[in-house]
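Below is one structure, written out as structure tokens; comments come after it.
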Amino acid sequence: MPHPPSRPLAEGPRVALRPFTLADGPEFTARARESRDLHRPWLFPPDTEEAYADYAGRLIEDPARAGFLVCEKDSGAIAGFININNIVRGGFQSGALGYGVFAHAAGRGLMREGLELVIGYAFGPLGLHRLEINAQPGNAASLALARGAGFRREGFSPDMIYVDGAWRDHERWALTTEMRD
């Protein structure tokens with residue numbers, strides 16, 4: 001299923017980070033369909049070619065977003081994705097992370113490694129100072145990933161983001177460059 005990968009932006013022992021491409025649509029959407037039970041009710045990644053083209057197109061074209069595929073180095077298979085959304089420059093230099101692992105890669109530590117690569121890329125080449133994660137309180141895996149990467153819990157926001165037909169509460173987590181020193 002994987003296609004020849006584009007040049008990695010960063011590499012770890014088991015994963016490589018690369019940008020989204022439109023050619024990733026067939027693999028990404030197949031993985032999203034296979035992972036519905038894992039993702040619901042927290043996450044709804046695109047699972048059709050048309051939805052993927054819109055989604056990836058925004059990540060590729062919009063300077064306020066950066067999308068990364070977390071790929072297994074041995075096979076090139078897409079293990080998950082991490083996006084930096086709402087990038088604000090100027091005095092803020094911040095972005096909000098969104099992420100998801102695909103079922104075949106869940107529980108293997110690949111996303112933890114991928115998140116470390118994204119953090120390094122965000123605080124390095126992208127020049128950001130702060131990253132934020134907003135996760136629903138019941139999403140234990142997402143909260144564990146944030147906590148494990150050194151993010152600190154900064155607060156709780158009732159009815160913050162519209163997900164799965166309702167406004168959902170979210171915990172707010174953040175990481176700054178100073179926290180990594």
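Going by the structure tokens order, chains are called A, B, ..., each with residues numbered from 1, while ligands are numbered from 1 in the order shown.
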
Please provide the set of residues having any atom within 10 Å of His129 of chain A, restricted to only C-alpha atoms, with same-chain residues fewer than 3 positions apart removed, written as a CSV table (one decimal) with C-alpha atoms, in the first residue's frame.
chain,number,residue,atom,x,y,z
A,89,ARG,CA,3.4,34.4,14.0
A,91,GLY,CA,4.9,38.0,19.1
A,92,PHE,CA,2.9,34.7,19.6
A,93,GLN,CA,4.9,32.2,17.5
A,94,SER,CA,2.5,29.4,18.5
A,95,GLY,CA,0.5,26.5,17.0
A,122,ALA,CA,8.3,23.1,15.2
A,123,PHE,CA,10.8,24.6,17.6
A,124,GLY,CA,13.7,24.4,15.1
A,126,LEU,CA,9.5,26.5,11.9
A,175,LEU,CA,4.9,23.2,25.8
A,176,THR,CA,7.3,26.0,25.2
A,177,THR,CA,10.9,26.1,24.0
A,178,GLU,CA,12.0,27.0,27.6

Quick one: residues within 9 Å of segment 106-109 of chain A, only C-alpha atoms counted, chain neighbours fewer than 4 positions away excluded, as a CSV table (one decimal) with C-alpha atoms, in the first residue's frame?
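This went into out.csv:
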chain,number,residue,atom,x,y,z
A,38,LEU,CA,-10.0,3.3,17.5
A,79,ALA,CA,1.5,5.0,11.2
A,80,GLY,CA,-0.3,8.3,12.0
A,101,VAL,CA,-2.5,7.0,15.2
A,102,PHE,CA,-3.8,4.3,12.8
A,113,GLU,CA,8.6,9.2,18.6
A,114,GLY,CA,6.8,11.1,15.9

Inset, instruction - If you run DSSP over the backbone, which residues in chain A end up alpha helix (DSSP H)? Put them as a PyMOL selection string. - result: chain A and resi 25-34+36-39+49-61+110-123+140-148+177-180

Legend entry - Contact residues around Trp173 of chain A with only C-alpha atoms at 8 Å, ignoring same-chain residues under 4 positions, as an MDAnalysis selection string: chainID A and resid 132:134 146 151:155

Output N, CA and C atoms of each residue in that selection to a file, as a PDB file, in the first residue's frame.
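The resulting file, again_32.pdb, is reproduced below:
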ATOM      1  N   GLU A 132       0.416  23.884  21.559  1.00  0.00           N
ATOM      2  CA  GLU A 132      -0.717  23.581  22.428  1.00  0.00           C
ATOM      3  C   GLU A 132      -1.421  22.320  21.948  1.00  0.00           C
ATOM      4  N   ILE A 133      -1.972  21.585  22.889  1.00  0.00           N
ATOM      5  CA  ILE A 133      -2.807  20.419  22.608  1.00  0.00           C
ATOM      6  C   ILE A 133      -4.107  20.605  23.373  1.00  0.00           C
ATOM      7  N   ASN A 134      -5.217  20.409  22.692  1.00  0.00           N
ATOM      8  CA  ASN A 134      -6.534  20.419  23.324  1.00  0.00           C
ATOM      9  C   ASN A 134      -7.110  19.025  23.155  1.00  0.00           C
ATOM     10  N   ALA A 146       0.383  13.626  25.358  1.00  0.00           N
ATOM     11  CA  ALA A 146       0.746  15.003  25.728  1.00  0.00           C
ATOM     12  C   ALA A 146       1.611  15.015  26.983  1.00  0.00           C
ATOM     13  N   PHE A 151       4.327  18.100  27.923  1.00  0.00           N
ATOM     14  CA  PHE A 151       3.364  19.196  27.944  1.00  0.00           C
ATOM     15  C   PHE A 151       2.819  19.348  29.358  1.00  0.00           C
ATOM     16  N   ARG A 152       2.511  20.583  29.755  1.00  0.00           N
ATOM     17  CA  ARG A 152       1.906  20.812  31.068  1.00  0.00           C
ATOM     18  C   ARG A 152       0.425  21.148  30.881  1.00  0.00           C
ATOM     19  N   ARG A 153      -0.377  20.680  31.818  1.00  0.00           N
ATOM     20  CA  ARG A 153      -1.814  20.980  31.787  1.00  0.00           C
ATOM     21  C   ARG A 153      -1.994  22.422  32.251  1.00  0.00           C
ATOM     22  N   GLU A 154      -2.659  23.203  31.412  1.00  0.00           N
ATOM     23  CA  GLU A 154      -2.851  24.615  31.733  1.00  0.00           C
ATOM     24  C   GLU A 154      -4.284  24.964  32.075  1.00  0.00           C
ATOM     25  N   GLY A 155      -5.219  24.065  31.777  1.00  0.00           N
ATOM     26  CA  GLY A 155      -6.586  24.421  32.112  1.00  0.00           C
ATOM     27  C   GLY A 155      -7.621  23.493  31.503  1.00  0.00           C
TER      28      GLY A 155
END

Legend entry - Nearest to Ser75 of chain A, chosen from A:Ala141, A:Met160, A:Ala51, A:Ala16, with only C-alpha atoms counted in the distances: A:Ala16

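Of note, atom CA of Tyr121 of chain A and atom CA of Phe68 of chain A are spaced 10.3 Å apart.
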
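Each of A:Ala32, A:Leu69, A:Ala174, A:Ile161 was compared to Phe20 of chain A using only C-alpha atoms, and A:Leu69 turns out to be the nearest.
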
Inset, instruction - Write out as a PyMOL selection string the residues lying within 8 Å of segment 53-66 of chain A, counting only C-alpha atoms and excluding same-chain residues fewer than 6 positions away. - result: chain A and resi 19-22+25+46+83-88

Legend entry - Test item, strand (DSSP E or B) assignment across segment 4-172 of chain A, answer as an MDAnalysis selection string: chainID A and resid 10:11 15:19 66:72 78:88 94:101 130:135 152:163 166:172

Can you list, as a CSV table (one decimal) with C-alpha atoms, in the first residue's frame, every protein, DNA or RNA residue that comes within 9 Å of Arg33 of chain A when you count only C-alpha atoms, leaving out same-chain residues fewer than 6 positions away?
chain,number,residue,atom,x,y,z
A,45,PRO,CA,-9.9,11.8,9.9
A,46,PRO,CA,-10.9,11.9,6.2
A,47,ASP,CA,-11.8,8.4,4.9
A,48,THR,CA,-12.7,9.1,1.3

Inset, instruction - Point out the residue among A:Val15, A:Ala144, A:Met179, A:Val118 with the least atom-to-atom distance to Leu97 of chain A, counting only C-alpha atoms. - result: A:Val118

Legend entry - 7 Å contact set for segment 137-139 of chain A, only C-alpha atoms, chain neighbours under 3 positions out, as a list of chain:residue names: A:Ser142, A:Leu143, A:His170, A:Glu171

Legend entry - Among the residues A:Arg180, A:Arg172, A:Arg40, A:His104, the one that comes closest to Ile119 of chain A [using only C-alpha atoms]: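 Result for the nearest residue to Ile119 of chain A: A:Arg180.
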
Legend entry - Which residue of A:Ala30, A:Ala140, A:Ala96, A:Ala135 approaches Phe156 of chain A most closely, using only C-alpha atoms: A:Ala135

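Reported to one decimal place, the separation of atom CA of Gln136 of chain A from atom CA of Val163 of chain A is 9.7 Å.
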
Inset, instruction - Record the distance separating atom CA of Cys71 of chain A and atom CA of Gly12 of chain A, expressed in Å with one decimal. - result: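 Calculated distance between atom CA of Cys71 of chain A and atom CA of Gly12 of chain A is 10.3 Å.
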